[in-house]
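Here the structure is laid out as structure tokens; the discussion comes afterwards.
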Amino acid sequence: MPGAIYAEGLVKTFGDVRALDGVDLDVPEGTVLGLLGPNGAGKTTAVRCLTTLLTPDSGKAVVAGIDVLKQPNEVRRSIGLSGQFAAVDEYLTGRENLQMVGQLYQMKAKEAKVRAGELLDRFNLADAADRPSKTYSGGMRRRLDLAAALVVSPPVMFMDEPTTGLDPRNRQALWEVIQELVSGGTTLLLTTQYLEEADHLAHDICVVDHGRVIARGTSDQLKAQTGGERVEVVVHDRDRIPAASEVLRGFGKGEVAVAEHTRKLTVPVTGGAKLLAEVIRELDARGIEIDDIGLRRPTLDDVFISLTGHVAEQADEGQEEDADAAPRQERTKEADK
């Protein structure tokens, strides 16, 4: 059975830009899928297709058991969406914004008021609850938008780079909210360029580049593809690099990489902390003084670099994907006519 979020062969083009080129996704109920990729990879376009904001050129999409193309209104009733931009009414107060969302979802006025109060407390906005949201900082608006997406506790959530623009304290608070939601059965598709965020929250990860899924798996599975563990040694005396290299070759499972200017030697290994202790003993026995030594496991940064060829780019607050520029340009042209 397909998961709570399912896509097969999604294709979406904007003129000559192929934003999605046959994307397949399957997110089991009650789990988090992290969608990673550089700017312009197609992450936001995928979210917009799955949430009925865009119609794919071809392919299939099912959300909460509902066909996205055939029953878009039913899909909208079953999802929450927090996009890259804070979609709040700046002339309403924070409280009024949340109450309005609740009533749009046909909550009773009293119920909407209670829910608004709960979310204002949860997102540290209670002190500003009765101020017009146009007086809020960018980070406060972002938090208000996230709160609005959670008013009705939908079974399926889409969060498109939700923590962009948040300070570390508020980012951590949102992580806790997400974990609470998922433990309660909510299914979440999360796009992010904070690799630590995907590592911390996502049960599975899809890496997208040029409109295609180029890798998928758990964080540990993706890291394992990057080459496993490595021992890194920084010797105190540059003249001892050859002797240290000989020691590492005896323990390693590949070539020893040497960075002369930093006096760092790196070698792939298997054996974990036990092997590291043996390396330290052998270096000491040979009288090789070291400034630093450690066992390094691949990070999602390493995975990202190996798969896409460059580091993850942190988007500016509110920045959209390059692949989505085409529809914005078309709307601008129409407005100018």
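Letters A, B, ... mark the chains of the structure tokens in the order given; residue numbers begin at 1 per chain; ligand numbers begin at 1, in order shown.
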Open item on the list: Using DSSP assignments from the backbone, pull out every residue in range 57-138 of chain A that falls under alpha helix (DSSP H) and give it to me as JSON, numbers by chain.
Closed with: {"A": [72, 73, 74, 75, 76, 77, 94, 95, 96, 97, 98, 99, 100, 101, 102, 103, 104, 109, 110, 111, 112, 113, 114, 115, 116, 117, 118, 119, 120, 121, 122, 138]}
- [ ] Would you mind writing down, as a ChimeraX atom specification, each residue of range 106-286 of chain A that DSSP on the backbone assigns to strand (DSSP E or B)?
- [x] /A:132,156-160,187-191,204-209,212-217,229-235,257-259,264-269
Go ahead and save the picked residues with C-alpha atoms, as a PDB file, in the first residue's frame.
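Final output, out14.pdb:
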ATOM      1  CA  PRO A 132      -0.853  43.702  14.272  1.00  0.00           C
ATOM      2  CA  VAL A 156      -0.393  15.207   6.655  1.00  0.00           C
ATOM      3  CA  MET A 157       1.943  18.206   6.849  1.00  0.00           C
ATOM      4  CA  PHE A 158       4.203  19.844   4.289  1.00  0.00           C
ATOM      5  CA  MET A 159       6.919  22.179   5.551  1.00  0.00           C
ATOM      6  CA  ASP A 160       9.033  23.947   2.936  1.00  0.00           C
ATOM      7  CA  THR A 187       3.066  12.396   8.410  1.00  0.00           C
ATOM      8  CA  LEU A 188       5.498  15.128   7.361  1.00  0.00           C
ATOM      9  CA  LEU A 189       7.346  16.015   4.194  1.00  0.00           C
ATOM     10  CA  LEU A 190      10.093  18.462   5.114  1.00  0.00           C
ATOM     11  CA  THR A 191      12.290  20.322   2.653  1.00  0.00           C
ATOM     12  CA  ASP A 204      14.172   8.782   5.501  1.00  0.00           C
ATOM     13  CA  ILE A 205      15.893  11.227   3.178  1.00  0.00           C
ATOM     14  CA  CYS A 206      15.599  11.863  -0.557  1.00  0.00           C
ATOM     15  CA  VAL A 207      18.313  13.894  -2.263  1.00  0.00           C
ATOM     16  CA  VAL A 208      16.982  15.776  -5.292  1.00  0.00           C
ATOM     17  CA  ASP A 209      19.049  17.425  -8.010  1.00  0.00           C
ATOM     18  CA  ARG A 212      15.291  13.983 -10.063  1.00  0.00           C
ATOM     19  CA  VAL A 213      15.708  11.882  -6.938  1.00  0.00           C
ATOM     20  CA  ILE A 214      19.378  10.877  -7.059  1.00  0.00           C
ATOM     21  CA  ALA A 215      19.570   9.037  -3.720  1.00  0.00           C
ATOM     22  CA  ARG A 216      17.283   7.869  -0.943  1.00  0.00           C
ATOM     23  CA  GLY A 217      17.580   6.024   2.344  1.00  0.00           C
ATOM     24  CA  GLU A 229      34.747   5.699   9.010  1.00  0.00           C
ATOM     25  CA  ARG A 230      38.069   7.503   8.788  1.00  0.00           C
ATOM     26  CA  VAL A 231      40.906   8.069  11.223  1.00  0.00           C
ATOM     27  CA  GLU A 232      42.323  11.585  11.130  1.00  0.00           C
ATOM     28  CA  VAL A 233      45.698  12.352  12.713  1.00  0.00           C
ATOM     29  CA  VAL A 234      47.483  15.686  13.029  1.00  0.00           C
ATOM     30  CA  VAL A 235      51.172  15.127  13.778  1.00  0.00           C
ATOM     31  CA  ALA A 257      45.593  11.103   2.323  1.00  0.00           C
ATOM     32  CA  VAL A 258      48.203  13.626   3.461  1.00  0.00           C
ATOM     33  CA  ALA A 259      47.702  17.387   3.782  1.00  0.00           C
ATOM     34  CA  LYS A 264      46.860  16.023   8.752  1.00  0.00           C
ATOM     35  CA  LEU A 265      46.714  12.397   7.638  1.00  0.00           C
ATOM     36  CA  THR A 266      43.433  10.619   6.871  1.00  0.00           C
ATOM     37  CA  VAL A 267      42.759   6.957   6.135  1.00  0.00           C
ATOM     38  CA  PRO A 268      39.529   4.912   5.741  1.00  0.00           C
ATOM     39  CA  VAL A 269      39.142   2.245   8.427  1.00  0.00           C
TER      40      VAL A 269
END
TODO: Using CA of Ala285 in chain A and CA of Ala244 in chain A as the two end points, give the distance in Å to one decimal.
DONE: 11.4 Å
Range 133-221 of chain A residues near range 81-86 of chain A within 9 Å, closest pair each, using only C-alpha atoms, as JSON lines:
{"residue": "A:Gly138", "atom": "CA", "partner": "A:Ala86", "partner_atom": "CA", "distance": 8.4}
{"residue": "A:Arg141", "atom": "CA", "partner": "A:Ala86", "partner_atom": "CA", "distance": 6.0}
{"residue": "A:Arg142", "atom": "CA", "partner": "A:Ala86", "partner_atom": "CA", "distance": 5.3}
{"residue": "A:Arg143", "atom": "CA", "partner": "A:Ala86", "partner_atom": "CA", "distance": 8.3}
{"residue": "A:Leu144", "atom": "CA", "partner": "A:Ala86", "partner_atom": "CA", "distance": 7.7}
{"residue": "A:Asp145", "atom": "CA", "partner": "A:Ala86", "partner_atom": "CA", "distance": 5.2}
{"residue": "A:Leu146", "atom": "CA", "partner": "A:Ser82", "partner_atom": "CA", "distance": 5.8}
{"residue": "A:Ala147", "atom": "CA", "partner": "A:Ser82", "partner_atom": "CA", "distance": 8.9}
{"residue": "A:Ala148", "atom": "CA", "partner": "A:Ser82", "partner_atom": "CA", "distance": 8.2}
{"residue": "A:Ala149", "atom": "CA", "partner": "A:Leu81", "partner_atom": "CA", "distance": 5.5}
{"residue": "A:Leu150", "atom": "CA", "partner": "A:Leu81", "partner_atom": "CA", "distance": 8.5}
{"residue": "A:Val156", "atom": "CA", "partner": "A:Leu81", "partner_atom": "CA", "distance": 8.9}
{"residue": "A:Met157", "atom": "CA", "partner": "A:Leu81", "partner_atom": "CA", "distance": 6.0}
{"residue": "A:Phe158", "atom": "CA", "partner": "A:Leu81", "partner_atom": "CA", "distance": 4.8}
{"residue": "A:Met159", "atom": "CA", "partner": "A:Ser82", "partner_atom": "CA", "distance": 4.9}
{"residue": "A:Asp160", "atom": "CA", "partner": "A:Gly83", "partner_atom": "CA", "distance": 4.9}
{"residue": "A:Glu161", "atom": "CA", "partner": "A:Gln84", "partner_atom": "CA", "distance": 6.1}
{"residue": "A:Pro162", "atom": "CA", "partner": "A:Ser82", "partner_atom": "CA", "distance": 6.7}
{"residue": "A:Thr164", "atom": "CA", "partner": "A:Gln84", "partner_atom": "CA", "distance": 8.0}
Take the residues just selected and output them with C-alpha atoms as a PDB file, in the first residue's frame.
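What ended up in result.pdb:
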ATOM      1  CA  GLY A 138      10.665  38.385  10.095  1.00  0.00           C
ATOM      2  CA  ARG A 141       6.072  36.184  11.169  1.00  0.00           C
ATOM      3  CA  ARG A 142       7.684  32.896  10.270  1.00  0.00           C
ATOM      4  CA  ARG A 143       6.632  31.406  13.592  1.00  0.00           C
ATOM      5  CA  LEU A 144       3.097  32.742  13.180  1.00  0.00           C
ATOM      6  CA  ASP A 145       2.880  31.154   9.740  1.00  0.00           C
ATOM      7  CA  LEU A 146       4.050  27.813  11.157  1.00  0.00           C
ATOM      8  CA  ALA A 147       1.458  28.084  13.922  1.00  0.00           C
ATOM      9  CA  ALA A 148      -1.256  28.734  11.318  1.00  0.00           C
ATOM     10  CA  ALA A 149      -0.316  25.514   9.514  1.00  0.00           C
ATOM     11  CA  LEU A 150      -0.948  23.588  12.737  1.00  0.00           C
ATOM     12  CA  VAL A 156      -0.393  15.207   6.655  1.00  0.00           C
ATOM     13  CA  MET A 157       1.943  18.206   6.849  1.00  0.00           C
ATOM     14  CA  PHE A 158       4.203  19.844   4.289  1.00  0.00           C
ATOM     15  CA  MET A 159       6.919  22.179   5.551  1.00  0.00           C
ATOM     16  CA  ASP A 160       9.033  23.947   2.936  1.00  0.00           C
ATOM     17  CA  GLU A 161      12.260  25.092   4.626  1.00  0.00           C
ATOM     18  CA  PRO A 162      10.342  25.900   7.833  1.00  0.00           C
ATOM     19  CA  THR A 164      14.844  29.475   7.541  1.00  0.00           C
TER      20      THR A 164
END
Open item on the list: Under the rule that only C-alpha atoms are counted, which of A:Pro56, A:Gly40, A:Gly102, A:Gly185 is the nearest residue to Ala4 in chain A?
Closed with: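 Counting only C-alpha atoms, the residue closest to Ala4 in chain A is A:Gly185.
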Open item on the list: Env of Tyr91 in chain A: 7 Å cut, atoms = only C-alpha atoms, seq-sep filter 2 positions within chain, self excluded. Answer as a count of residues only.
Closed with: 5
